[in-house]
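Undergrad: Before we start, here is the structure in question, set down as C-alpha cells.
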Amino acid sequence: MKKLFLLFNLFCLSYFTSLAQRKEDSLYVFVGKKIKVNKFKPKLEKGGLLMDGAYKAKYRIIQNVYGDYKGNTIKFEAYDHYGVPAFSKYKNVMLFVSKSNGKLYNEKYQYFDVYKTKKGKWASPYKFYLNQDNSNIKPELIDFAEDVAYNTTIVGARENYLQTVYPSPYYKIVGNKAVAVYGNYLEELFELKKTGVLKARGYFKN
C-alpha cells in the first residue's frame, strides 16, 4: 500500500511537471521586424461574439530570445480589444507568441518596442508599468544608436500624465518629445515578464 501511494505521488509529480514544461515550451520570444499585419474575420461558433479586433501578422525573426521556434519568419494571430495591436506601430519589437491547438497567438498586449544601441545590442526604453521599484532589475543608462523619442502632444494629456509615463531621469523632455535615457536589454526585459505577467499566466512557476 505504501509503495502504491509513493508511485501515485511520483505519477502526479511527473504529470504536473510535464504540464508546466509543455506550457513553457509553447512560448516563443523574439525580436521581430514587421512584414505585415492585416485585419481578418475569424470563424465563430453559432451565437459566438468576439469583442476584440482580430489580426494576422507575419514577422521576420531578427533574434531569438526564448523557445525553439525554427524558421526565419513567423505567422501568428493577435487579438486586441482596442483595435490595431500597438506592437504593429513599431519597426522592431520584442514579441511573445504562444502555441495553442496547433496555432500561434500573440500573448495579449505583451511586447516591447526595441532599438539598437551603440554596442549593437537591442534594448527598450524605460516602461513605467513594469513597476521596477519592486524588482531587482533596475533601469540602466542606455546609449541608443539613435535618439529614441516619443511624441508628448497627446490630446487631453496633463502634466501628471507626462510625469508618470515619461518621468525624469528616465526620459529627457525636449520640446514636444520625450527622449529615452534609461531602459533595459533583452535578457532583463524577458526576466521582468517571466517573473510578472507570464508567471501569472501559468508559464513559469518559479
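Chain labels follow the order of the C-alpha cells: the first chain is A, the next B, and so on; residue numbering restarts at 1 in every chain, and ligands are counted from 1 in their shown order.
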Please provide the set of residues having any atom within 12 Å of region 160-163 of chain A, restricted to only C-alpha atoms, with same-chain residues fewer than 2 positions apart removed, written as a PDB file with C-alpha atoms, in the first residue's frame.
TA:
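Wrote it out as selection01.pdb, contents follow:
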```pdb
ATOM      1  CA  PHE A 128       6.618  52.864 -16.004  1.00  0.00           C
ATOM      2  CA  TYR A 150       8.056  59.651 -28.120  1.00  0.00           C
ATOM      3  CA  ASN A 151       5.590  62.363 -29.059  1.00  0.00           C
ATOM      4  CA  THR A 152       4.140  64.019 -25.956  1.00  0.00           C
ATOM      5  CA  THR A 153       1.489  66.109 -27.721  1.00  0.00           C
ATOM      6  CA  ILE A 154      -1.382  63.852 -26.717  1.00  0.00           C
ATOM      7  CA  VAL A 155      -4.844  65.376 -26.759  1.00  0.00           C
ATOM      8  CA  GLY A 156      -6.021  65.877 -23.208  1.00  0.00           C
ATOM      9  CA  ALA A 157      -2.677  64.858 -21.678  1.00  0.00           C
ATOM     10  CA  ARG A 158      -1.893  66.632 -18.426  1.00  0.00           C
ATOM     11  CA  VAL A 165       4.734  57.902 -18.372  1.00  0.00           C
ATOM     12  CA  TYR A 166       7.967  59.782 -19.103  1.00  0.00           C
ATOM     13  CA  PRO A 167       9.463  60.573 -15.693  1.00  0.00           C
ATOM     14  CA  SER A 168      12.856  62.128 -15.069  1.00  0.00           C
ATOM     15  CA  PRO A 169      15.639  60.948 -15.052  1.00  0.00           C
ATOM     16  CA  TYR A 170      14.498  58.057 -17.277  1.00  0.00           C
ATOM     17  CA  TYR A 171      13.434  60.491 -20.000  1.00  0.00           C
ATOM     18  CA  LYS A 172      14.500  63.952 -21.066  1.00  0.00           C
ATOM     19  CA  ILE A 173      11.738  66.239 -22.323  1.00  0.00           C
ATOM     20  CA  ASN A 176       7.156  68.024 -27.624  1.00  0.00           C
ATOM     21  CA  LYS A 177       9.208  64.845 -27.340  1.00  0.00           C
ATOM     22  CA  ALA A 178      10.333  62.570 -24.536  1.00  0.00           C
TER      23      ALA A 178
END
```
Undergrad: Identify, on the basis of only C-alpha atoms, every residue whose closest approach to Lys99 (chain A) does not exceed 7 Å; exclude the query and any residue fewer than 5 positions from it along the same chain; express the result as a list in words.
TA: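 The filter keeps Ser26, Leu27, Leu104 and Tyr105 of chain A.
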Undergrad: Can you pull out every residue from region 76-125 of chain A that DSSP, working from the backbone, puts in helix (DSSP H, G or I), and format the result as an MDAnalysis selection string?
TA: chainID A and resid 86:89
Undergrad: Write to file, as a PDB file, in the first residue's frame, the residues of the selection just made, with N, CA, C and O atoms.
TA:
```pdb
ATOM      1  N   ALA A  86      -0.950  47.464 -30.719  1.00  0.00           N
ATOM      2  CA  ALA A  86       0.036  48.537 -30.543  1.00  0.00           C
ATOM      3  C   ALA A  86       1.411  48.136 -31.046  1.00  0.00           C
ATOM      4  O   ALA A  86       2.159  48.980 -31.551  1.00  0.00           O
ATOM      5  N   PHE A  87       1.746  46.849 -30.939  1.00  0.00           N
ATOM      6  CA  PHE A  87       3.090  46.434 -31.358  1.00  0.00           C
ATOM      7  C   PHE A  87       3.324  46.655 -32.843  1.00  0.00           C
ATOM      8  O   PHE A  87       4.466  46.803 -33.285  1.00  0.00           O
ATOM      9  N   SER A  88       2.247  46.686 -33.631  1.00  0.00           N
ATOM     10  CA  SER A  88       2.389  46.826 -35.077  1.00  0.00           C
ATOM     11  C   SER A  88       2.810  48.235 -35.495  1.00  0.00           C
ATOM     12  O   SER A  88       3.158  48.461 -36.653  1.00  0.00           O
ATOM     13  N   LYS A  89       2.792  49.160 -34.567  1.00  0.00           N
ATOM     14  CA  LYS A  89       3.145  50.542 -34.877  1.00  0.00           C
ATOM     15  C   LYS A  89       4.657  50.759 -34.904  1.00  0.00           C
ATOM     16  O   LYS A  89       5.127  51.811 -35.327  1.00  0.00           O
TER      17      LYS A  89
END
```
Undergrad: Could you check the closest approach to Thr195 (chain A) for each of A:Asn136, A:Thr164, A:Thr73, A:Ser100 and tell me which residue wins, using only C-alpha atoms?
TA: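 Smallest separation from Thr195 (chain A) among the options: A:Asn136.
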Undergrad: Find the residues around Ala145 (chain A) up to 9 Å (only C-alpha atoms counted), leave out those fewer than 3 positions away in its own chain, and share them as a VMD selection string.
TA: chain A and resid 115 to 120 148
Undergrad: Could you turn the residues from that selection into a file that holds N, CA and C atoms, as a compact mmCIF listing (two decimals), in the first residue's frame?
TA:
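File result-v5.txt, as written:
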```txt
# COMPACT_ATOMS: atom_id res chain seq x y z
N TYR A 115 15.19 48.91 -29.78
CA TYR A 115 16.06 49.73 -30.63
C TYR A 115 17.51 49.31 -30.41
N LYS A 116 18.31 49.45 -31.45
CA LYS A 116 19.71 49.10 -31.36
C LYS A 116 20.48 50.13 -30.52
N THR A 117 21.46 49.64 -29.78
CA THR A 117 22.34 50.52 -29.03
C THR A 117 23.65 50.69 -29.80
N LYS A 118 24.48 51.59 -29.32
CA LYS A 118 25.76 51.81 -29.99
C LYS A 118 26.68 50.60 -29.90
N LYS A 119 26.38 49.70 -28.96
CA LYS A 119 27.16 48.47 -28.82
C LYS A 119 26.58 47.34 -29.66
N GLY A 120 25.51 47.64 -30.41
CA GLY A 120 24.92 46.63 -31.28
C GLY A 120 23.92 45.71 -30.61
N VAL A 148 15.87 57.82 -29.30
CA VAL A 148 14.54 57.19 -29.24
C VAL A 148 13.63 58.17 -28.54
```
